[in-house]
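A.B. asks: Pasting in a structure now, in structure tokens, and then I'll have a few things to ask.
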Amino acid sequence: VIVLAALSLSCQQSTAQSIYQDANQPVEKRVEDLLKRMTLEEKVAQMNQYVGLEHMKKAAFEISPEEMKKSHAMGFYADYPPAKIEEMTKQGLVGSFLHVVSAEEANYLQSLAMQSRLKIPLIVGIDAIHGNGMVRGTTVYPTCIGQAASFNPSLVEKLSRETALEMRATGTHWTFTPNVEIARDARWGRVGETFGEDPYLVSQMGVATVKGFQTDDYSGEDKVLACVKHFIGGSQPVNGINGAPFDATERTMREVFLPPFQACVDAGSATAMMAHNEYDGIPCHGSKYLMDDLLRKELGFKGFIVSDWMDVERMQDYHKVVETLKDAFHLTVDAGLDLHMHGPDFQFGVIELVKEGKLSEERINQSVRKILEAKFRLGLFENPYVDTVNVSKVLFNKEHRQTALELARQSIVLLKNESNLLPIDTKKYTKVLVTGPNANNQSILGDWSTEQPAGNVVTIYQGLKHVRPDVNFSLAEIDGNLRNIKQEQVDKAVIMAKQNDLVIVAVGENSMRYQWKDKTCGENSDRYDLDLFGLQQELIESLYKTGVPVVIVLVNGRPLSTECIADNIPALREALEPGSFGGQAIAEILFGDVNPSGKLPITIPRHPEQLQSYYNYKFTSK
């Protein structure tokens, strides 16, 4: 009897120990069963994130530890090299990675996690802002400002659904979008990452994005977590500088900036990200009012909150509201942060704070529950790996390419067409010069994209030749690095223009992320003026003086002050950043195959002194 009782008790214990691994059990029960088995160190590990191993190696080679502290794009850990992070992953002391850009690396990292005591899978995040563009070979859709110009939420939902499939195919489960900040300062480099200036339009596009990534909920192996960001006010920073204070009244915050967040919370966004800046004198990452009182209690947010890149640490060295990093970790967790991006100091600092009694373990449990729930609902405990054979079938497939093309068509805006120059009459204009720094490169992809295979991108020059093979096109090369445009290039374009019937000039900005030090638009590329950079204005004026008709195509993520162009050039198209098939869409519209249907989602100021400029201004500010 004693032996049978012992065996029975042993079987019951064995069954109890495997509850969290039983897919038939309710998620809540699985979470609680796993949570009680975890050590403090394993719990806090779930609240921390590291950049991918390959990213670490590349960053350590290219930048110094001091440069890394100021970087918004690259990261590594001097005291924690890749081999040490690998060992920590095997021990269950890593819960999340970001900047993992291949299915092979994602699978390798998961294989390390599966060697840990509890076999808790990793959640891998990536900045899939307009397609999974940080991964080579994926579909790159128009940037968010172009998506907004379509005024077509259903198409935005469709591209987000397709992006989720491309993400899961390459081993990632969490995208850091939608950015539903209200863009109110064109000098701010990240305007193109937003849906513009109107709270209603931004709300609709944000909701469409969340639904596309998560559907009704995010359960299943073909869904990813959305992340509504940045909470709050980073899009109206002082002087247009990314991370500068958000200096606005509570009424402005609530009437203008808050509604899109409420809409995305109501749509079920699984995660939220705090903003770089401070609001009302307090860094957003240290604000209990924003995270707990406003986001969770008032707006009803149920998911987990993640920090932005190194912004917890910047409460010490930038905002200077705490004396030590450990104080920063205490402040942010106590205020409501659930997951830290990125680096090891947070992990070990929080463990010390719990052991010292400054943070309770139950406070840690509150965060870990939400993170574990997401991993269970995404199906990672049942299948943490991806089938690398299927990657080529999903990435850049026919359906996704068609969606990217259609959205590009709907995002392009006709700003001016005098003398009926457009659509271009191919009987009248048989010899056409194409020039400008954005005529034949990947600037059309915008920020948050790596350099894509040449065969996956239709440049403007290529699109023109494809759409009208009967027209005699020639190309006058202008350096795509706007800082390097030479007078000789301008002079050559002028000479070639005189030999043609028409000139199409593609100008604007450079958002190519892999040219970080040279880009003029995108993350951390804020400007004090809104003029065309470099010799672009001189190029246009010189071409105009030849007397040959000129058509301007703008490729840019932020509004630009093009007063001279608007006053003198007869035909002007705003293409924004139209993505992989932007060149084809631009050509189709220039030649009249497709009607330009895009509408501006943001005001274009005539000059920087006109800022702030937005359509719903108070009458007294005229």
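Following the order of the structure tokens, first chain is A, next is B, and so on, with residues numbered from 1 inside each chain and ligands from 1 in the order they appear.
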Out of region 496-563 of chain A, which residues get strand (DSSP E or B) from DSSP, as an NGL selection string?
C.D. replies: :A and (502-508 or 550-555)
A.B. asks: Pull all heavy atoms from the residues just selected and write them as a PDB file, in the first residue's frame.
C.D. replies:
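Output saved as result_4.pdb:
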ATOM      1  N   LEU A 502      12.432  66.297 -72.863  1.00  0.00           N
ATOM      2  CA  LEU A 502      11.833  66.409 -71.535  1.00  0.00           C
ATOM      3  C   LEU A 502      12.837  65.917 -70.504  1.00  0.00           C
ATOM      4  O   LEU A 502      13.657  65.034 -70.791  1.00  0.00           O
ATOM      5  CB  LEU A 502      10.555  65.555 -71.468  1.00  0.00           C
ATOM      6  CG  LEU A 502       9.792  65.523 -70.145  1.00  0.00           C
ATOM      7  CD1 LEU A 502       9.041  66.842 -69.933  1.00  0.00           C
ATOM      8  CD2 LEU A 502       8.791  64.354 -70.127  1.00  0.00           C
ATOM      9  N   VAL A 503      12.758  66.495 -69.284  1.00  0.00           N
ATOM     10  CA  VAL A 503      13.636  66.062 -68.198  1.00  0.00           C
ATOM     11  C   VAL A 503      12.778  65.657 -66.993  1.00  0.00           C
ATOM     12  O   VAL A 503      11.890  66.409 -66.570  1.00  0.00           O
ATOM     13  CB  VAL A 503      14.610  67.174 -67.773  1.00  0.00           C
ATOM     14  CG1 VAL A 503      15.530  66.664 -66.659  1.00  0.00           C
ATOM     15  CG2 VAL A 503      15.439  67.656 -68.947  1.00  0.00           C
ATOM     16  N   ILE A 504      13.027  64.460 -66.470  1.00  0.00           N
ATOM     17  CA  ILE A 504      12.404  63.999 -65.221  1.00  0.00           C
ATOM     18  C   ILE A 504      13.492  63.995 -64.155  1.00  0.00           C
ATOM     19  O   ILE A 504      14.521  63.321 -64.312  1.00  0.00           O
ATOM     20  CB  ILE A 504      11.793  62.597 -65.380  1.00  0.00           C
ATOM     21  CG1 ILE A 504      10.686  62.611 -66.431  1.00  0.00           C
ATOM     22  CG2 ILE A 504      11.247  62.093 -64.043  1.00  0.00           C
ATOM     23  CD1 ILE A 504      10.141  61.229 -66.773  1.00  0.00           C
ATOM     24  N   VAL A 505      13.268  64.764 -63.088  1.00  0.00           N
ATOM     25  CA  VAL A 505      14.282  64.924 -62.052  1.00  0.00           C
ATOM     26  C   VAL A 505      13.751  64.363 -60.725  1.00  0.00           C
ATOM     27  O   VAL A 505      12.708  64.800 -60.240  1.00  0.00           O
ATOM     28  CB  VAL A 505      14.656  66.410 -61.856  1.00  0.00           C
ATOM     29  CG1 VAL A 505      15.898  66.523 -60.974  1.00  0.00           C
ATOM     30  CG2 VAL A 505      14.885  67.091 -63.185  1.00  0.00           C
ATOM     31  N   ALA A 506      14.464  63.387 -60.176  1.00  0.00           N
ATOM     32  CA  ALA A 506      14.081  62.775 -58.892  1.00  0.00           C
ATOM     33  C   ALA A 506      14.988  63.322 -57.798  1.00  0.00           C
ATOM     34  O   ALA A 506      16.185  63.028 -57.756  1.00  0.00           O
ATOM     35  CB  ALA A 506      14.193  61.256 -58.967  1.00  0.00           C
ATOM     36  N   VAL A 507      14.419  64.145 -56.928  1.00  0.00           N
ATOM     37  CA  VAL A 507      15.179  64.772 -55.850  1.00  0.00           C
ATOM     38  C   VAL A 507      14.479  64.494 -54.518  1.00  0.00           C
ATOM     39  O   VAL A 507      13.400  63.897 -54.482  1.00  0.00           O
ATOM     40  CB  VAL A 507      15.301  66.294 -56.069  1.00  0.00           C
ATOM     41  CG1 VAL A 507      16.139  66.602 -57.295  1.00  0.00           C
ATOM     42  CG2 VAL A 507      13.918  66.938 -56.180  1.00  0.00           C
ATOM     43  N   GLY A 508      15.089  64.940 -53.430  1.00  0.00           N
ATOM     44  CA  GLY A 508      14.476  64.752 -52.117  1.00  0.00           C
ATOM     45  C   GLY A 508      15.499  64.517 -51.049  1.00  0.00           C
ATOM     46  O   GLY A 508      16.388  65.339 -50.820  1.00  0.00           O
ATOM     47  N   VAL A 550      10.434  70.439 -67.536  1.00  0.00           N
ATOM     48  CA  VAL A 550      10.965  69.691 -66.388  1.00  0.00           C
ATOM     49  C   VAL A 550       9.819  69.152 -65.545  1.00  0.00           C
ATOM     50  O   VAL A 550       8.870  69.877 -65.220  1.00  0.00           O
ATOM     51  CB  VAL A 550      11.871  70.583 -65.525  1.00  0.00           C
ATOM     52  CG1 VAL A 550      12.327  69.831 -64.270  1.00  0.00           C
ATOM     53  CG2 VAL A 550      13.096  71.057 -66.324  1.00  0.00           C
ATOM     54  N   VAL A 551       9.912  67.879 -65.205  1.00  0.00           N
ATOM     55  CA  VAL A 551       8.988  67.222 -64.272  1.00  0.00           C
ATOM     56  C   VAL A 551       9.792  66.851 -63.034  1.00  0.00           C
ATOM     57  O   VAL A 551      10.857  66.233 -63.131  1.00  0.00           O
ATOM     58  CB  VAL A 551       8.360  65.952 -64.877  1.00  0.00           C
ATOM     59  CG1 VAL A 551       7.500  65.237 -63.844  1.00  0.00           C
ATOM     60  CG2 VAL A 551       7.545  66.296 -66.118  1.00  0.00           C
ATOM     61  N   ILE A 552       9.279  67.217 -61.848  1.00  0.00           N
ATOM     62  CA  ILE A 552       9.964  66.913 -60.595  1.00  0.00           C
ATOM     63  C   ILE A 552       9.224  65.788 -59.871  1.00  0.00           C
ATOM     64  O   ILE A 552       7.999  65.830 -59.733  1.00  0.00           O
ATOM     65  CB  ILE A 552      10.031  68.139 -59.670  1.00  0.00           C
ATOM     66  CG1 ILE A 552      10.783  69.279 -60.369  1.00  0.00           C
ATOM     67  CG2 ILE A 552      10.704  67.789 -58.353  1.00  0.00           C
ATOM     68  CD1 ILE A 552      12.240  69.023 -60.604  1.00  0.00           C
ATOM     69  N   VAL A 553       9.985  64.809 -59.418  1.00  0.00           N
ATOM     70  CA  VAL A 553       9.457  63.749 -58.551  1.00  0.00           C
ATOM     71  C   VAL A 553      10.194  63.852 -57.218  1.00  0.00           C
ATOM     72  O   VAL A 553      11.430  63.750 -57.173  1.00  0.00           O
ATOM     73  CB  VAL A 553       9.676  62.351 -59.154  1.00  0.00           C
ATOM     74  CG1 VAL A 553       9.178  61.280 -58.183  1.00  0.00           C
ATOM     75  CG2 VAL A 553       8.956  62.229 -60.492  1.00  0.00           C
ATOM     76  N   LEU A 554       9.436  64.078 -56.139  1.00  0.00           N
ATOM     77  CA  LEU A 554      10.025  64.177 -54.805  1.00  0.00           C
ATOM     78  C   LEU A 554      10.018  62.810 -54.133  1.00  0.00           C
ATOM     79  O   LEU A 554       8.984  62.140 -54.073  1.00  0.00           O
ATOM     80  CB  LEU A 554       9.239  65.165 -53.944  1.00  0.00           C
ATOM     81  CG  LEU A 554       9.327  66.650 -54.340  1.00  0.00           C
ATOM     82  CD1 LEU A 554       8.329  67.461 -53.533  1.00  0.00           C
ATOM     83  CD2 LEU A 554      10.741  67.182 -54.122  1.00  0.00           C
ATOM     84  N   VAL A 555      11.164  62.399 -53.631  1.00  0.00           N
ATOM     85  CA  VAL A 555      11.301  61.164 -52.853  1.00  0.00           C
ATOM     86  C   VAL A 555      11.819  61.570 -51.483  1.00  0.00           C
ATOM     87  O   VAL A 555      12.986  61.937 -51.332  1.00  0.00           O
ATOM     88  CB  VAL A 555      12.271  60.175 -53.533  1.00  0.00           C
ATOM     89  CG1 VAL A 555      12.452  58.927 -52.670  1.00  0.00           C
ATOM     90  CG2 VAL A 555      11.768  59.796 -54.920  1.00  0.00           C
TER      91      VAL A 555
END
A.B. asks: Any idea what's packed within 12 Å of Lys465 (chain A), counting only C-alpha atoms, ignoring anything in its chain fewer than 2 positions away? Could you give it as a list in words?
C.D. replies: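 Once the adjacent positions are removed, what remains is Lys431, Val432, Leu433, Val434, Asn440, Val458, Thr459, Ile460, Tyr461, Gln462, Gly463, Val467, Arg468, Pro469, Asp470, Val471, Asn472, Phe473, Ser474, Leu475, Gly583, Gln584, Ile586, Ala587, Glu588 and Phe591 of chain A.
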A.B. asks: Which is closest to Phe301 (chain A) among A:Met496, A:Ala335, A:Val228, A:Leu590, if we use only C-alpha atoms?
C.D. replies: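 Nearest candidate to Phe301 (chain A) out of A:Met496, A:Ala335, A:Val228, A:Leu590: A:Val228.
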A.B. asks: Nearest to Asp198 (chain A) among A:Arg363, A:Arg184, A:Lys69, A:His607, with distances taken over only C-alpha atoms: which residue is it?
C.D. replies: A:Arg184
A.B. asks: Among the residues of region 167-257 of chain A, find those DSSP assigns to alpha helix (DSSP H) from the backbone and print them as a list in words.
C.D. replies: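 For region 167-257 of chain A, the alpha helix (DSSP H) set is Met167, Arg168, Ala169, Pro199, Tyr200, Leu201, Val202, Ser203, Gln204, Met205, Gly206, Val207, Ala208, Thr209, Val210, Lys211, Gly212, Phe213, Gln214, Glu250, Arg251 and Thr252 of chain A.
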A.B. asks: Could you save those same residues with N, CA and C atoms as an mmCIF file, in the first residue's frame?
C.D. replies:
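The new file result32.cif reads:
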data_model
loop_
_atom_site.group_PDB
_atom_site.id
_atom_site.type_symbol
_atom_site.label_atom_id
_atom_site.label_comp_id
_atom_site.auth_asym_id
_atom_site.auth_seq_id
_atom_site.Cartn_x
_atom_site.Cartn_y
_atom_site.Cartn_z
ATOM 1 N N MET A 167 7.763 37.817 -41.389
ATOM 2 C CA MET A 167 8.485 37.824 -40.121
ATOM 3 C C MET A 167 8.574 36.418 -39.530
ATOM 4 N N ARG A 168 7.444 35.741 -39.434
ATOM 5 C CA ARG A 168 7.461 34.402 -38.839
ATOM 6 C C ARG A 168 8.322 33.450 -39.670
ATOM 7 N N ALA A 169 8.349 33.652 -40.984
ATOM 8 C CA ALA A 169 9.162 32.794 -41.843
ATOM 9 C C ALA A 169 10.652 32.946 -41.558
ATOM 10 N N PRO A 199 -5.169 63.185 -36.106
ATOM 11 C CA PRO A 199 -5.418 62.131 -35.113
ATOM 12 C C PRO A 199 -6.357 61.032 -35.600
ATOM 13 N N TYR A 200 -7.373 61.393 -36.388
ATOM 14 C CA TYR A 200 -8.316 60.374 -36.851
ATOM 15 C C TYR A 200 -7.661 59.449 -37.870
ATOM 16 N N LEU A 201 -6.978 60.023 -38.857
ATOM 17 C CA LEU A 201 -6.314 59.205 -39.872
ATOM 18 C C LEU A 201 -5.243 58.320 -39.232
ATOM 19 N N VAL A 202 -4.454 58.892 -38.340
ATOM 20 C CA VAL A 202 -3.408 58.115 -37.660
ATOM 21 C C VAL A 202 -4.034 56.966 -36.878
ATOM 22 N N SER A 203 -5.158 57.227 -36.215
ATOM 23 C CA SER A 203 -5.845 56.172 -35.456
ATOM 24 C C SER A 203 -6.286 55.039 -36.373
ATOM 25 N N GLN A 204 -6.890 55.399 -37.501
ATOM 26 C CA GLN A 204 -7.382 54.375 -38.426
ATOM 27 C C GLN A 204 -6.235 53.522 -38.977
ATOM 28 N N MET A 205 -5.145 54.158 -39.341
ATOM 29 C CA MET A 205 -4.005 53.429 -39.883
ATOM 30 C C MET A 205 -3.320 52.589 -38.798
ATOM 31 N N GLY A 206 -3.251 53.114 -37.592
ATOM 32 C CA GLY A 206 -2.668 52.352 -36.487
ATOM 33 C C GLY A 206 -3.470 51.104 -36.181
ATOM 34 N N VAL A 207 -4.787 51.242 -36.137
ATOM 35 C CA VAL A 207 -5.664 50.090 -35.883
ATOM 36 C C VAL A 207 -5.523 49.053 -36.996
ATOM 37 N N ALA A 208 -5.468 49.507 -38.238
ATOM 38 C CA ALA A 208 -5.301 48.580 -39.366
ATOM 39 C C ALA A 208 -3.991 47.804 -39.245
ATOM 40 N N THR A 209 -2.951 48.489 -38.800
ATOM 41 C CA THR A 209 -1.656 47.835 -38.635
ATOM 42 C C THR A 209 -1.709 46.774 -37.542
ATOM 43 N N VAL A 210 -2.294 47.122 -36.411
ATOM 44 C CA VAL A 210 -2.410 46.165 -35.305
ATOM 45 C C VAL A 210 -3.214 44.941 -35.745
ATOM 46 N N LYS A 211 -4.326 45.160 -36.408
ATOM 47 C CA LYS A 211 -5.173 44.043 -36.851
ATOM 48 C C LYS A 211 -4.443 43.158 -37.858
ATOM 49 N N GLY A 212 -3.665 43.779 -38.723
ATOM 50 C CA GLY A 212 -2.935 42.993 -39.705
ATOM 51 C C GLY A 212 -1.900 42.086 -39.080
ATOM 52 N N PHE A 213 -1.187 42.586 -38.111
ATOM 53 C CA PHE A 213 -0.164 41.782 -37.456
ATOM 54 C C PHE A 213 -0.752 40.722 -36.530
ATOM 55 N N GLN A 214 -1.802 41.075 -35.798
ATOM 56 C CA GLN A 214 -2.310 40.205 -34.737
ATOM 57 C C GLN A 214 -3.620 39.516 -35.083
ATOM 58 N N GLU A 250 -1.606 69.536 -21.117
ATOM 59 C CA GLU A 250 -2.294 68.252 -20.990
ATOM 60 C C GLU A 250 -3.461 68.181 -21.965
ATOM 61 N N ARG A 251 -4.097 69.314 -22.234
ATOM 62 C CA ARG A 251 -5.217 69.308 -23.181
ATOM 63 C C ARG A 251 -4.726 68.913 -24.582
ATOM 64 N N THR A 252 -3.599 69.490 -25.025
ATOM 65 C CA THR A 252 -3.046 69.129 -26.325
ATOM 66 C C THR A 252 -2.682 67.653 -26.355
#
